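Taking it in order: structure first as structure tokens, then the write-up.
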Amino acid sequence: MSKCNQAEVSDTTKNPSATAAAWIGALSLAAAMGIGRFSLTPIMPLMQQDSSLTLAQGSWLATGNYLGYLAGALICAVLPLRPLSAIRWGAISVGVFTLAMGLTHEFELWLGFRLGAGIASAFVLVGVSAWAMPILARNGREQWSGRIFAGVGIGIAFTGFVGLTAGVGAWGSPATWIVLGIIALGPAVLLWLAPIPDDRSNAPAAPPPFGMPSRSALIAAACYSAFGYGYIIPATFLPALARDYIDDPAVFGWVWPVFGTTAAISTLVAVRLLGRLSPRRLWRGAQYVLAAGVLAPVLAINAITLLIAALCVGGSFMVITMAGIKEALRLGGASAAQAVGLMTAGFGIGQIAGPLMVGYFAESHDAFAWPSLIAVSVLILSNVALYAVNDAL
């Protein structure tokens, strides 16, 4: 074999292809986010039915998961990890913690498992962003980022269909958790066994030291935190809210699959829009759509407003996520993983506040209305900030 061919083989061995990066990224996000982050949402109505889970307890479980997500993001921001290792450890942990949810009825253990799943899912998101996106850029396939982030919506939709099947088939929440845990472990094991090469084309000789974030990065993180609070109430409680007004699980169970399917489709549309609009401009526009979805069930709760909420929130939150991460990668430069970690940390702070606010109002008739109105206000203020600091960003 000639030296030239040897060099080509060596380069292929060290540097994954864009196709491999897209598939691995999408599969990882489907399991980590669809199951690790959002599996509680469609299972909560089942837990309320067979485990006597209260709305306040459900809020604490959601908060525990989001607190773990924040902790994982901070770890990635302060201690940059090798992205592929973060993906692998995060994926296997999501499967284990999800499976464990179905093996006990102790609320304190549930809190610990959801906390662990949150940490693990943040590892996967930051790892995929820092590992797969540069590979796509190097291969001239940046538009494929929509395929990667479609994994989140696909995972949510799949989890929703499992929840729908469980509700109609009366599986019970423990069996549903176990099924989802086993499903999550499948791709996680493959990630460990497959000889996936790390991306070494642009890797620095040593991880860049953690430095003080720039003013632009701090402003973006603050706005991303507002987004985290703005979307999390419907993203956590929409099926539970639907269950309170629609008794048939074959009807209210469709809310979450619609949410996830719309999220998956929106990522593909977002890629095309990012080719025409700046990430910040797309971010602002999607937040107006998100605000409309959050507001709809406050005005009235019926099948139409619940559908509007699922379509608007599901169709916008991944668009904002992609635009925000793209902005973070631009602001971060060589410290891309740290910048994404900072944005994810801001997001985590915002989304922790949502379930806590619902829990605060849990005993009243306005358990969702007041937190949702606050969310709409926060989203509008965030957009005003993004307009006002246009030059700074």
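For the structure tokens, the naming scheme is as follows: chains receive sequential letters (A, B, ...) according to their order of presentation, residues are indexed from 1 within each chain, and ligands are indexed from 1 in presentation order.
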
**Study point:** 10 Å contact set for Pro187 in chain A, only C-alpha atoms, chain neighbours under 6 positions out, as a ChimeraX atom specification
**Key:** /A:24,27-28,30-31,88,91-92,95,193

Since we have the selection now, will you write its residues out, keeping N, CA, C and O atoms, as an mmCIF file, in the first residue's frame?
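To be explicit, this is the file written out as again15.cif:
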```
data_model
loop_
_atom_site.group_PDB
_atom_site.id
_atom_site.type_symbol
_atom_site.label_atom_id
_atom_site.label_comp_id
_atom_site.auth_asym_id
_atom_site.auth_seq_id
_atom_site.Cartn_x
_atom_site.Cartn_y
_atom_site.Cartn_z
ATOM 1 N N ILE A 24 -24.904 8.665 14.983
ATOM 2 C CA ILE A 24 -24.548 8.496 16.391
ATOM 3 C C ILE A 24 -25.151 9.622 17.227
ATOM 4 O O ILE A 24 -25.692 9.389 18.315
ATOM 5 N N LEU A 27 -29.084 9.166 17.454
ATOM 6 C CA LEU A 27 -29.443 8.031 18.305
ATOM 7 C C LEU A 27 -29.167 8.342 19.769
ATOM 8 O O LEU A 27 -29.976 8.013 20.651
ATOM 9 N N SER A 28 -28.042 9.001 20.034
ATOM 10 C CA SER A 28 -27.678 9.341 21.411
ATOM 11 C C SER A 28 -28.674 10.328 22.010
ATOM 12 O O SER A 28 -29.112 10.181 23.165
ATOM 13 N N ALA A 30 -31.766 10.843 21.041
ATOM 14 C CA ALA A 30 -33.091 10.219 21.161
ATOM 15 C C ALA A 30 -33.229 9.508 22.501
ATOM 16 O O ALA A 30 -34.256 9.625 23.179
ATOM 17 N N ALA A 31 -32.190 8.774 22.881
ATOM 18 C CA ALA A 31 -32.241 8.044 24.148
ATOM 19 C C ALA A 31 -32.051 8.962 25.349
ATOM 20 O O ALA A 31 -32.799 8.902 26.325
ATOM 21 N N ARG A 88 -20.739 8.395 25.855
ATOM 22 C CA ARG A 88 -20.837 6.982 26.239
ATOM 23 C C ARG A 88 -21.271 6.810 27.696
ATOM 24 O O ARG A 88 -22.205 6.051 27.989
ATOM 25 N N ALA A 91 -24.931 8.004 28.123
ATOM 26 C CA ALA A 91 -25.938 7.114 27.534
ATOM 27 C C ALA A 91 -26.196 5.888 28.398
ATOM 28 O O ALA A 91 -27.350 5.500 28.622
ATOM 29 N N ILE A 92 -25.136 5.260 28.885
ATOM 30 C CA ILE A 92 -25.324 4.057 29.700
ATOM 31 C C ILE A 92 -25.987 4.405 31.026
ATOM 32 O O ILE A 92 -26.816 3.657 31.548
ATOM 33 N N GLY A 95 -29.844 4.810 30.720
ATOM 34 C CA GLY A 95 -30.535 3.526 30.706
ATOM 35 C C GLY A 95 -30.655 2.914 32.086
ATOM 36 O O GLY A 95 -31.723 2.422 32.482
ATOM 37 N N LEU A 193 -19.592 -0.680 22.540
ATOM 38 C CA LEU A 193 -18.981 -1.798 21.815
ATOM 39 C C LEU A 193 -18.449 -1.390 20.445
ATOM 40 O O LEU A 193 -17.458 -1.952 19.966
#
```

**Study point:** For Ala170 in chain A: contacts at 12 Å, only C-alpha atoms, fewer than 6 positions along chain excluded, given as a PyMOL selection string
**Key:** chain A and resi 43+45-47+49-50+162-164+176+248-250

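When CA of Gly25 in chain A is paired with CA of Leu81 in chain A, their separation reads 16.8 Å.
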
Practice item. Identify, with DSSP run on backbone atoms, the residues in range 136-328 of chain A assigned to helix (DSSP H, G or I), and express the list as a ChimeraX atom specification. Key: /A:136-138,142-169,173-193,215-245,249-252,255-274,279-299,303-328

Exercise for review: Could you please determine the separation between CA of Leu273 in chain A and CA of Tyr231 in chain A in Å, to one decimal place?
Suggested key: 20.9 Å

What's around Gly314 in chain A at 7 Å? Count only C-alpha atoms, leave out sequence neighbours fewer than 2 positions away in its own chain, and write the answer as a short mmCIF file (atom, residue, chain, number, x, y, z; two decimals) with all heavy atoms, in the first residue's frame.
```
data_model
loop_
_atom_site.label_atom_id
_atom_site.label_comp_id
_atom_site.auth_asym_id
_atom_site.auth_seq_id
_atom_site.Cartn_x
_atom_site.Cartn_y
_atom_site.Cartn_z
N PHE A 259 -46.37 16.30 20.31
CA PHE A 259 -45.30 17.21 20.76
C PHE A 259 -43.96 16.75 20.17
O PHE A 259 -43.21 17.55 19.58
CB PHE A 259 -45.26 17.18 22.29
CG PHE A 259 -44.27 18.14 22.91
CD1 PHE A 259 -44.71 19.32 23.48
CD2 PHE A 259 -42.92 17.84 22.96
CE1 PHE A 259 -43.82 20.20 24.07
CE2 PHE A 259 -42.01 18.72 23.55
CZ PHE A 259 -42.47 19.90 24.11
N GLY A 260 -43.62 15.48 20.33
CA GLY A 260 -42.34 14.98 19.87
C GLY A 260 -42.21 14.95 18.36
O GLY A 260 -41.14 15.30 17.81
N THR A 262 -43.70 16.89 16.20
CA THR A 262 -43.52 18.27 15.75
C THR A 262 -42.10 18.75 16.02
O THR A 262 -41.51 19.46 15.20
CB THR A 262 -44.53 19.20 16.46
OG1 THR A 262 -45.84 18.66 16.32
CG2 THR A 262 -44.49 20.59 15.86
N ALA A 263 -41.55 18.36 17.17
CA ALA A 263 -40.18 18.74 17.51
C ALA A 263 -39.19 18.17 16.51
O ALA A 263 -38.25 18.85 16.09
CB ALA A 263 -39.84 18.28 18.93
N ALA A 310 -49.23 21.71 22.16
CA ALA A 310 -48.31 20.65 21.73
C ALA A 310 -47.59 21.03 20.44
O ALA A 310 -46.38 20.81 20.30
CB ALA A 310 -49.08 19.33 21.55
N LEU A 311 -48.33 21.62 19.51
CA LEU A 311 -47.73 22.00 18.22
C LEU A 311 -46.76 23.18 18.37
O LEU A 311 -45.65 23.15 17.83
CB LEU A 311 -48.83 22.35 17.22
CG LEU A 311 -49.71 21.18 16.74
CD1 LEU A 311 -50.87 21.69 15.90
CD2 LEU A 311 -48.88 20.20 15.93
N CYS A 312 -47.18 24.21 19.11
CA CYS A 312 -46.35 25.41 19.22
C CYS A 312 -45.11 25.18 20.08
O CYS A 312 -44.00 25.57 19.71
CB CYS A 312 -47.17 26.57 19.80
SG CYS A 312 -48.40 27.23 18.67
N SER A 316 -41.22 24.59 18.53
CA SER A 316 -40.31 25.73 18.71
C SER A 316 -39.14 25.45 19.65
O SER A 316 -38.07 26.04 19.47
CB SER A 316 -41.10 26.93 19.25
OG SER A 316 -41.68 26.65 20.49
N PHE A 317 -39.30 24.56 20.62
CA PHE A 317 -38.25 24.47 21.64
C PHE A 317 -36.95 23.89 21.09
O PHE A 317 -35.86 24.29 21.50
CB PHE A 317 -38.74 23.69 22.87
CG PHE A 317 -38.51 22.20 22.83
CD1 PHE A 317 -37.41 21.64 23.48
CD2 PHE A 317 -39.39 21.36 22.18
CE1 PHE A 317 -37.19 20.28 23.46
CE2 PHE A 317 -39.19 20.00 22.16
CZ PHE A 317 -38.09 19.45 22.81
#
```

Review point. Excluding same-chain residues fewer than 5 positions from Ser52 in chain A, what lies within 12 Å of it counting only C-alpha atoms, as a ChimeraX atom specification?
Key: /A:44-47,57-58,105,107,172-173

Practice item. Write out as a list in words the residues lying within 7 Å of range 360-373 of chain A, counting only C-alpha atoms and excluding same-chain residues fewer than 6 positions away. Key: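 Surrounding residues, per the criterion: Leu55, Ala56, Ile233, Val294, Leu295 and Val298 of chain A.
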
What lies within 9 Å of Trp23 in chain A using only C-alpha atoms, ignoring chain neighbours under 6 positions off, as a PDB file with C-alpha atoms, in the first residue's frame?
```
ATOM      1  CA  ARG A 147     -30.795  15.330  11.470  1.00  0.00           C
ATOM      2  CA  ILE A 148     -28.856  15.132  14.711  1.00  0.00           C
ATOM      3  CA  GLY A 151     -33.187  12.712  17.484  1.00  0.00           C
TER       4      GLY A 151
END
```

Check your understanding: Using only C-alpha atoms, which residue out of A:Gly146, A:Pro83, A:Gly160, A:Gly359 lies closest to Val126 in chain A?
Key ->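 Among A:Gly146, A:Pro83, A:Gly160, A:Gly359, it is A:Pro83 that comes nearest to Val126 in chain A.
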
**Study point:** Residue nearest Ala132 in chain A - candidates A:Ala26, A:Val152, A:Leu379, A:Leu40, atoms counted: only C-alpha atoms
**Key:**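 When distances to Ala132 in chain A are compared using only C-alpha atoms, the smallest one comes from A:Ala26.
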
Find the residues of range 49-142 of chain A that sit at most 9 Å from range 343-348 of chain A; for each, write down the nearest two atoms and how far apart they are in Å, to one decimal. Count only C-alpha atoms. Sort by chain, then by number going up, and give it as a Markdown table.
```
| residue | atom | partner | partner_atom | distance |
| --- | --- | --- | --- | --- |
| A:Tyr66 | CA | A:Gly348 | CA | 6.1 |
| A:Leu67 | CA | A:Gly348 | CA | 6.9 |
| A:Gly68 | CA | A:Gly348 | CA | 8.6 |
| A:Tyr69 | CA | A:Gly348 | CA | 6.2 |
| A:Leu70 | CA | A:Gly348 | CA | 4.5 |
| A:Ala71 | CA | A:Ala345 | CA | 7.6 |
| A:Gly72 | CA | A:Ala345 | CA | 8.2 |
| A:Ala73 | CA | A:Ala345 | CA | 5.1 |
| A:Leu74 | CA | A:Ala345 | CA | 5.8 |
| A:Ala77 | CA | A:Ala345 | CA | 8.1 |
| A:Ala122 | CA | A:Thr344 | CA | 7.8 |
| A:Leu125 | CA | A:Thr344 | CA | 8.9 |
| A:Val126 | CA | A:Thr344 | CA | 7.9 |
```

**Study point:** Separation of CA of Ala117 in chain A from CA of Leu218 in chain A, in Å and rounded to one decimal
**Key:**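 CA of Leu218 in chain A lies 26.6 Å from CA of Ala117 in chain A.
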
Practice item. May I ask which of the residues A:Ala220, A:Leu268, A:Phe237, A:Ala242 is the closest one to Gly324 in chain A, counting only C-alpha atoms? Key: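 Using only C-alpha atoms, Gly324 in chain A sits closest to A:Ala220.
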